[in-house]
Amino acid sequence: MEKIAIVTGGSRGIGRAIVVALARKGIKVIANYNKSEEKAKQVKAELEKENLQIDIFKADVSKREEVKEMVAYTIKKYGRIDILVNNAGINQEKLFQDITDEDWENVMNGNLYSAFCTTQEVVQFMINQKSGCIINISSIYGINGGSYAVAYSATKAGMDGMTKALAKELGPSNIRVNSIAPGCMNTDMNAYLTEEEWEEIKQETPLERIGEGVDIAKCVEWLVEDEFTTGQVISINGGLVIT
């Protein structure tokens, strides 16, 4: 049976790599985006050159009604949802004392609430199907924290906690829930780093390189195919942090 996947934040960076990898596996992908419409259209066009079709869908996944519309679109067109990758998120580098209530709320909504909301809307269909695979893209900061990234770190730790709890709750419905916690990746989110900072990170990383989106996509591919892994937080970081 053809599998159907929703990937939030699927127009660039890690999300884009996941969309491409799943599409090449023959999975029908709904690539969600919010502001990056041109990049979403680009990935769609690039895959069409390979005779692969994806759907792109604009939705702010921190808003319940827009999530409902995306899920309804998917069910109407395909009749099921087999895979959900909660990848959409925002970063914030700020001294803890300078974080405002608005800052905190924005990061919580953009990262943690969005994953909660999208999962809640999707999981009802997975329960009825008695099958599903949910993958949350968290962060190494959810494991060891990050200076000047308290709000971001808190949301990613929250995603990992949600992953573990949901794995227990949804396991009897044959739904697997896992987190992938990337290390420092070559993505737009880290574009502010200087060449010197990148080099320092490389030197601190046992594999002596920076992670790419494809490194995370490979783990997503494995988790989609695997049938006995759930409730895990898998950190893909080149050995930068070993726990």
# chains A, B, ... in the order shown; residues from 1 in each chain; ligands from 1
call {"tool": "closest_atom_pairs", "arguments": {"of": "stretch 107-206 of chain A", "to": "stretch 53-74 of chain A", "cutoff": "9 Å", "atoms": "only C-alpha atoms", "output": "Markdown table"}}
result
| residue | atom | partner | partner_atom | distance |
| --- | --- | --- | --- | --- |
| A:Asn109 | CA | A:Ser62 | CA | 5.5 |
| A:Gly110 | CA | A:Ser62 | CA | 5.6 |
| A:Asn111 | CA | A:Ser62 | CA | 8.0 |
| A:Leu112 | CA | A:Ser62 | CA | 8.7 |
| A:Tyr113 | CA | A:Ser62 | CA | 6.3 |
| A:Ser114 | CA | A:Ser62 | CA | 4.4 |
| A:Ala115 | CA | A:Val61 | CA | 7.9 |
| A:Cys117 | CA | A:Arg64 | CA | 6.4 |
| A:Thr118 | CA | A:Val67 | CA | 6.1 |
| A:Glu121 | CA | A:Lys68 | CA | 6.6 |
| A:Val122 | CA | A:Val71 | CA | 6.7 |
call {"tool": "select_by_dssp", "arguments": {"residues": "stretch 27-87 of chain A", "states": "helix (DSSP H, G or I)", "output": "list of chain:residue names"}}
result
A:Glu37, A:Glu38, A:Lys39, A:Ala40, A:Lys41, A:Gln42, A:Val43, A:Lys44, A:Ala45, A:Glu46, A:Leu47, A:Glu48, A:Arg64, A:Glu65, A:Glu66, A:Val67, A:Lys68, A:Glu69, A:Met70, A:Val71, A:Ala72, A:Tyr73, A:Thr74, A:Ile75, A:Lys76, A:Lys77, A:Tyr78
call {"tool": "write_last_selection", "arguments": {"atoms": "N, CA and C atoms", "output": "mmCIF file, in the first residue's frame"}}
result
data_model
loop_
_atom_site.group_PDB
_atom_site.id
_atom_site.type_symbol
_atom_site.label_atom_id
_atom_site.label_comp_id
_atom_site.auth_asym_id
_atom_site.auth_seq_id
_atom_site.Cartn_x
_atom_site.Cartn_y
_atom_site.Cartn_z
ATOM 1 N N GLU A 37 7.329 30.073 0.308
ATOM 2 C CA GLU A 37 6.575 29.533 -0.825
ATOM 3 C C GLU A 37 7.468 29.235 -2.022
ATOM 4 N N GLU A 38 8.382 30.147 -2.346
ATOM 5 C CA GLU A 38 9.234 29.945 -3.515
ATOM 6 C C GLU A 38 10.111 28.710 -3.348
ATOM 7 N N LYS A 39 10.637 28.504 -2.165
ATOM 8 C CA LYS A 39 11.472 27.327 -1.930
ATOM 9 C C LYS A 39 10.644 26.049 -1.997
ATOM 10 N N ALA A 40 9.397 26.120 -1.539
ATOM 11 C CA ALA A 40 8.509 24.961 -1.649
ATOM 12 C C ALA A 40 8.252 24.624 -3.111
ATOM 13 N N LYS A 41 8.012 25.649 -3.911
ATOM 14 C CA LYS A 41 7.787 25.432 -5.347
ATOM 15 C C LYS A 41 9.039 24.875 -6.022
ATOM 16 N N GLN A 42 10.200 25.317 -5.562
ATOM 17 C CA GLN A 42 11.461 24.841 -6.139
ATOM 18 C C GLN A 42 11.661 23.350 -5.894
ATOM 19 N N VAL A 43 11.419 22.912 -4.657
ATOM 20 C CA VAL A 43 11.624 21.485 -4.375
ATOM 21 C C VAL A 43 10.611 20.646 -5.133
ATOM 22 N N LYS A 44 9.391 21.149 -5.281
ATOM 23 C CA LYS A 44 8.386 20.442 -6.072
ATOM 24 C C LYS A 44 8.830 20.311 -7.522
ATOM 25 N N ALA A 45 9.338 21.415 -8.088
ATOM 26 C CA ALA A 45 9.778 21.403 -9.483
ATOM 27 C C ALA A 45 10.977 20.479 -9.682
ATOM 28 N N GLU A 46 11.888 20.481 -8.725
ATOM 29 C CA GLU A 46 13.075 19.626 -8.838
ATOM 30 C C GLU A 46 12.694 18.148 -8.809
ATOM 31 N N LEU A 47 11.740 17.799 -7.983
ATOM 32 C CA LEU A 47 11.302 16.400 -7.913
ATOM 33 C C LEU A 47 10.511 16.006 -9.161
ATOM 34 N N GLU A 48 9.794 16.957 -9.732
ATOM 35 C CA GLU A 48 9.047 16.667 -10.967
ATOM 36 C C GLU A 48 9.990 16.288 -12.107
ATOM 37 N N ARG A 64 -4.174 26.152 15.001
ATOM 38 C CA ARG A 64 -4.980 24.932 14.932
ATOM 39 C C ARG A 64 -5.816 24.835 13.648
ATOM 40 N N GLU A 65 -6.488 25.912 13.285
ATOM 41 C CA GLU A 65 -7.378 25.847 12.131
ATOM 42 C C GLU A 65 -6.611 25.576 10.841
ATOM 43 N N GLU A 66 -5.417 26.126 10.717
ATOM 44 C CA GLU A 66 -4.629 25.886 9.508
ATOM 45 C C GLU A 66 -4.122 24.448 9.462
ATOM 46 N N VAL A 67 -3.808 23.899 10.619
ATOM 47 C CA VAL A 67 -3.418 22.487 10.688
ATOM 48 C C VAL A 67 -4.589 21.600 10.293
ATOM 49 N N LYS A 68 -5.763 21.923 10.808
ATOM 50 C CA LYS A 68 -6.965 21.152 10.456
ATOM 51 C C LYS A 68 -7.185 21.138 8.949
ATOM 52 N N GLU A 69 -6.985 22.287 8.306
ATOM 53 C CA GLU A 69 -7.175 22.373 6.856
ATOM 54 C C GLU A 69 -6.173 21.482 6.115
ATOM 55 N N MET A 70 -4.930 21.474 6.574
ATOM 56 C CA MET A 70 -3.905 20.646 5.933
ATOM 57 C C MET A 70 -4.211 19.162 6.091
ATOM 58 N N VAL A 71 -4.618 18.772 7.270
ATOM 59 C CA VAL A 71 -4.943 17.373 7.520
ATOM 60 C C VAL A 71 -6.182 16.966 6.720
ATOM 61 N N ALA A 72 -7.198 17.833 6.687
ATOM 62 C CA ALA A 72 -8.413 17.538 5.925
ATOM 63 C C ALA A 72 -8.100 17.379 4.440
ATOM 64 N N TYR A 73 -7.218 18.242 3.931
ATOM 65 C CA TYR A 73 -6.798 18.142 2.524
ATOM 66 C C TYR A 73 -6.157 16.778 2.260
ATOM 67 N N THR A 74 -5.284 16.368 3.162
ATOM 68 C CA THR A 74 -4.568 15.097 2.985
ATOM 69 C C THR A 74 -5.529 13.916 3.013
ATOM 70 N N ILE A 75 -6.438 13.914 3.966
ATOM 71 C CA ILE A 75 -7.394 12.808 4.084
ATOM 72 C C ILE A 75 -8.339 12.777 2.886
ATOM 73 N N LYS A 76 -8.781 13.943 2.435
ATOM 74 C CA LYS A 76 -9.689 13.985 1.287
ATOM 75 C C LYS A 76 -9.010 13.437 0.034
ATOM 76 N N LYS A 77 -7.728 13.780 -0.149
ATOM 77 C CA LYS A 77 -7.027 13.368 -1.371
ATOM 78 C C LYS A 77 -6.522 11.933 -1.303
ATOM 79 N N TYR A 78 -6.020 11.527 -0.127
ATOM 80 C CA TYR A 78 -5.348 10.225 -0.046
ATOM 81 C C TYR A 78 -6.042 9.211 0.862
#
call {"tool": "residues_around", "arguments": {"residues": "stretch 217-230 of chain A", "least_positions_apart": "5", "cutoff": "10 Å", "atoms": "only C-alpha atoms", "output": "ChimeraX atom specification"}}
result
/A:3,5,14-22,25,82-85,132-137,163-164,166-168,170-171,174-180,212,235-236
call {"tool": "write_last_selection", "arguments": {"atoms": "N, CA and C atoms", "output": "compact mmCIF listing (two decimals), in the first residue's frame"}}
result
# COMPACT_ATOMS: atom_id res chain seq x y z
N LYS A 3 2.29 4.69 0.94
CA LYS A 3 2.30 5.43 2.19
C LYS A 3 2.18 6.92 1.94
N ALA A 5 2.74 10.78 3.70
CA ALA A 5 3.49 11.47 4.75
C ALA A 5 3.21 12.97 4.73
N ILE A 14 16.62 20.89 6.76
CA ILE A 14 16.39 19.49 7.11
C ILE A 14 15.06 18.99 6.55
N GLY A 15 14.03 19.82 6.63
CA GLY A 15 12.71 19.41 6.12
C GLY A 15 12.74 19.11 4.65
N ARG A 16 13.43 19.93 3.89
CA ARG A 16 13.54 19.71 2.45
C ARG A 16 14.23 18.37 2.17
N ALA A 17 15.32 18.11 2.88
CA ALA A 17 16.04 16.85 2.68
C ALA A 17 15.16 15.65 2.99
N ILE A 18 14.31 15.78 4.01
CA ILE A 18 13.40 14.69 4.37
C ILE A 18 12.35 14.49 3.28
N VAL A 19 11.79 15.59 2.78
CA VAL A 19 10.79 15.50 1.70
C VAL A 19 11.38 14.79 0.50
N VAL A 20 12.57 15.17 0.09
CA VAL A 20 13.21 14.57 -1.08
C VAL A 20 13.47 13.08 -0.85
N ALA A 21 13.99 12.75 0.32
CA ALA A 21 14.30 11.34 0.62
C ALA A 21 13.05 10.47 0.60
N LEU A 22 11.98 10.94 1.22
CA LEU A 22 10.75 10.15 1.27
C LEU A 22 10.11 10.02 -0.12
N LYS A 25 11.61 7.44 -2.09
CA LYS A 25 11.25 6.10 -1.60
C LYS A 25 9.87 5.68 -2.10
N ASP A 82 0.11 8.04 7.03
CA ASP A 82 0.94 6.99 7.61
C ASP A 82 2.13 7.54 8.38
N ILE A 83 2.62 8.71 7.97
CA ILE A 83 3.85 9.26 8.53
C ILE A 83 3.65 10.74 8.81
N LEU A 84 4.07 11.17 9.99
CA LEU A 84 4.11 12.59 10.31
C LEU A 84 5.50 12.93 10.80
N VAL A 85 6.12 13.92 10.14
CA VAL A 85 7.41 14.42 10.59
C VAL A 85 7.22 15.86 11.06
N GLY A 132 1.00 3.75 12.27
CA GLY A 132 1.49 5.11 12.06
C GLY A 132 2.92 5.25 12.54
N CYS A 133 3.56 6.28 12.02
CA CYS A 133 4.94 6.60 12.40
C CYS A 133 5.05 8.10 12.57
N ILE A 134 5.38 8.54 13.78
CA ILE A 134 5.53 9.96 14.09
C ILE A 134 6.99 10.20 14.45
N ILE A 135 7.58 11.19 13.78
CA ILE A 135 8.99 11.52 14.03
C ILE A 135 9.08 13.01 14.35
N ASN A 136 9.58 13.31 15.53
CA ASN A 136 9.75 14.70 15.96
C ASN A 136 11.21 15.10 15.78
N ILE A 137 11.45 16.19 15.08
CA ILE A 137 12.81 16.69 14.91
C ILE A 137 13.07 17.67 16.05
N THR A 163 7.54 12.83 23.02
CA THR A 163 7.84 11.62 22.25
C THR A 163 7.76 10.38 23.13
N LYS A 164 8.41 10.42 24.28
CA LYS A 164 8.47 9.25 25.15
C LYS A 164 7.10 8.90 25.72
N LEU A 166 4.10 9.73 24.43
CA LEU A 166 3.20 9.30 23.35
C LEU A 166 3.53 7.88 22.88
N ALA A 167 4.81 7.54 22.90
CA ALA A 167 5.20 6.18 22.48
C ALA A 167 4.51 5.14 23.37
N LYS A 168 4.43 5.43 24.66
CA LYS A 168 3.76 4.51 25.58
C LYS A 168 2.25 4.49 25.34
N LEU A 170 0.53 5.38 22.58
CA LEU A 170 0.08 4.99 21.24
C LEU A 170 0.61 3.64 20.78
N GLY A 171 1.53 3.07 21.52
CA GLY A 171 2.08 1.77 21.14
C GLY A 171 1.02 0.70 20.92
N ASN A 174 -0.30 0.43 17.54
CA ASN A 174 0.72 0.18 16.51
C ASN A 174 1.23 1.46 15.87
N ILE A 175 1.36 2.50 16.71
CA ILE A 175 1.91 3.78 16.27
C ILE A 175 3.24 3.99 16.97
N ARG A 176 4.28 4.19 16.19
CA ARG A 176 5.61 4.41 16.72
C ARG A 176 5.92 5.90 16.76
N VAL A 177 6.53 6.35 17.86
CA VAL A 177 6.86 7.77 18.04
C VAL A 177 8.32 7.88 18.47
N ASN A 178 9.10 8.61 17.70
CA ASN A 178 10.51 8.79 18.01
C ASN A 178 10.94 10.23 17.75
N SER A 179 12.04 10.62 18.37
CA SER A 179 12.65 11.93 18.12
C SER A 179 14.01 11.75 17.47
N ILE A 180 14.34 12.68 16.60
CA ILE A 180 15.71 12.80 16.09
C ILE A 180 16.23 14.15 16.58
N GLU A 212 24.68 17.56 7.60
CA GLU A 212 23.86 18.04 6.49
C GLU A 212 22.45 17.48 6.63
N SER A 235 20.22 11.00 18.63
CA SER A 235 20.97 12.21 18.34
C SER A 235 21.97 11.96 17.21
N ILE A 236 21.80 12.69 16.12
CA ILE A 236 22.68 12.61 14.96
C ILE A 236 23.57 13.85 15.02
call {"tool": "residues_around", "arguments": {"residues": "A:Ile210", "least_positions_apart": "3", "cutoff": "8 Å", "atoms": "only C-alpha atoms", "output": "list in words"}}
result
Cys184, Met185, Asn186, Trp198, Ile201, Lys202 and Gly238 of chain A
call {"tool": "write_last_selection", "arguments": {"atoms": "C-alpha atoms", "output": "mmCIF file, in the first residue's frame"}}
result
data_model
loop_
_atom_site.group_PDB
_atom_site.id
_atom_site.type_symbol
_atom_site.label_atom_id
_atom_site.label_comp_id
_atom_site.auth_asym_id
_atom_site.auth_seq_id
_atom_site.Cartn_x
_atom_site.Cartn_y
_atom_site.Cartn_z
ATOM 1 C CA CYS A 184 25.004 21.557 14.615
ATOM 2 C CA MET A 185 23.740 21.373 11.038
ATOM 3 C CA ASN A 186 24.470 23.279 7.853
ATOM 4 C CA TRP A 198 32.184 26.522 11.938
ATOM 5 C CA ILE A 201 32.685 23.143 15.805
ATOM 6 C CA LYS A 202 34.368 20.817 13.313
ATOM 7 C CA GLY A 238 28.885 13.354 14.570
#
call {"tool": "residues_around", "arguments": {"residues": "stretch 145-157 of chain A", "least_positions_apart": "4", "cutoff": "12 Å", "atoms": "only C-alpha atoms", "output": "PyMOL selection string"}}
result
chain A and resi 86-116+136-141+161-164+179-184+233+241
call {"tool": "select_by_dssp", "arguments": {"residues": "stretch 66-115 of chain A", "states": "strand (DSSP E)", "output": "list in words"}}
result
Ile83, Leu84, Val85 and Asn86 of chain A
call {"tool": "residues_around", "arguments": {"residues": "A:Glu199", "least_positions_apart": "4", "cutoff": "12 Å", "atoms": "only C-alpha atoms", "output": "PDB file with C-alpha atoms, in the first residue's frame"}}
result
ATOM      1  CA  CYS A 184      25.004  21.557  14.615  1.00  0.00           C
ATOM      2  CA  LEU A 193      27.817  31.409  12.346  1.00  0.00           C
ATOM      3  CA  THR A 194      31.164  32.672  11.069  1.00  0.00           C
ATOM      4  CA  GLU A 195      33.734  30.538   9.239  1.00  0.00           C
ATOM      5  CA  GLN A 203      37.390  20.515  15.582  1.00  0.00           C
ATOM      6  CA  GLU A 204      35.153  19.640  18.534  1.00  0.00           C
ATOM      7  CA  THR A 205      33.310  16.975  16.511  1.00  0.00           C
ATOM      8  CA  GLU A 208      35.345  16.381  11.946  1.00  0.00           C
ATOM      9  CA  ARG A 209      32.524  17.647   9.763  1.00  0.00           C
ATOM     10  CA  ILE A 210      29.272  19.569   9.953  1.00  0.00           C
TER      11      ILE A 210
END
call {"tool": "atom_distance", "arguments": {"atom1": "atom CA of A:Arg24", "atom2": "atom CA of A:Lys130"}}
result
25.3 Å
call {"tool": "atom_distance", "arguments": {"atom1": "atom CA of A:Gly26", "atom2": "atom CA of A:Leu52"}}
result
8.1 Å
call {"tool": "atom_distance", "arguments": {"atom1": "atom CA of A:Ser131", "atom2": "atom CA of A:Glu50"}}
result
29.4 Å
call {"tool": "decode", "arguments": {"residues": "stretch 149-162 of chain A", "atoms": "N, CA and C atoms", "output": "tab-separated table (two decimals), in the first residue's frame"}}
result
chain	number	residue	atom	x	y	z
A	149	ALA	N	20.00	30.14	24.49
A	149	ALA	CA	18.93	29.46	23.75
A	149	ALA	C	18.02	28.72	24.73
A	150	VAL	N	17.69	29.39	25.82
A	150	VAL	CA	16.91	28.73	26.87
A	150	VAL	C	15.52	28.36	26.38
A	151	ALA	N	14.83	29.28	25.72
A	151	ALA	CA	13.48	28.99	25.25
A	151	ALA	C	13.52	27.86	24.21
A	152	TYR	N	14.43	27.96	23.28
A	152	TYR	CA	14.57	26.93	22.24
A	152	TYR	C	14.89	25.57	22.87
A	153	SER	N	15.84	25.55	23.80
A	153	SER	CA	16.22	24.30	24.46
A	153	SER	C	15.04	23.70	25.21
A	154	ALA	N	14.26	24.55	25.86
A	154	ALA	CA	13.09	24.07	26.62
A	154	ALA	C	12.06	23.42	25.69
A	155	THR	N	11.85	24.01	24.51
A	155	THR	CA	10.86	23.43	23.60
A	155	THR	C	11.33	22.08	23.07
A	156	LYS	N	12.62	21.97	22.78
A	156	LYS	CA	13.13	20.72	22.22
A	156	LYS	C	13.16	19.61	23.28
A	157	ALA	N	13.47	19.97	24.51
A	157	ALA	CA	13.37	18.99	25.59
A	157	ALA	C	11.92	18.55	25.78
A	158	GLY	N	11.00	19.51	25.60
A	158	GLY	CA	9.58	19.19	25.69
A	158	GLY	C	9.14	18.23	24.59
A	159	MET	N	9.67	18.43	23.39
A	159	MET	CA	9.34	17.52	22.30
A	159	MET	C	9.81	16.10	22.61
A	160	ASP	N	11.00	15.98	23.19
A	160	ASP	CA	11.52	14.66	23.55
A	160	ASP	C	10.67	14.01	24.63
A	161	GLY	N	10.21	14.80	25.59
A	161	GLY	CA	9.33	14.27	26.63
A	161	GLY	C	8.00	13.82	26.05
A	162	MET	N	7.46	14.61	25.13
A	162	MET	CA	6.21	14.25	24.46
A	162	MET	C	6.39	12.96	23.68
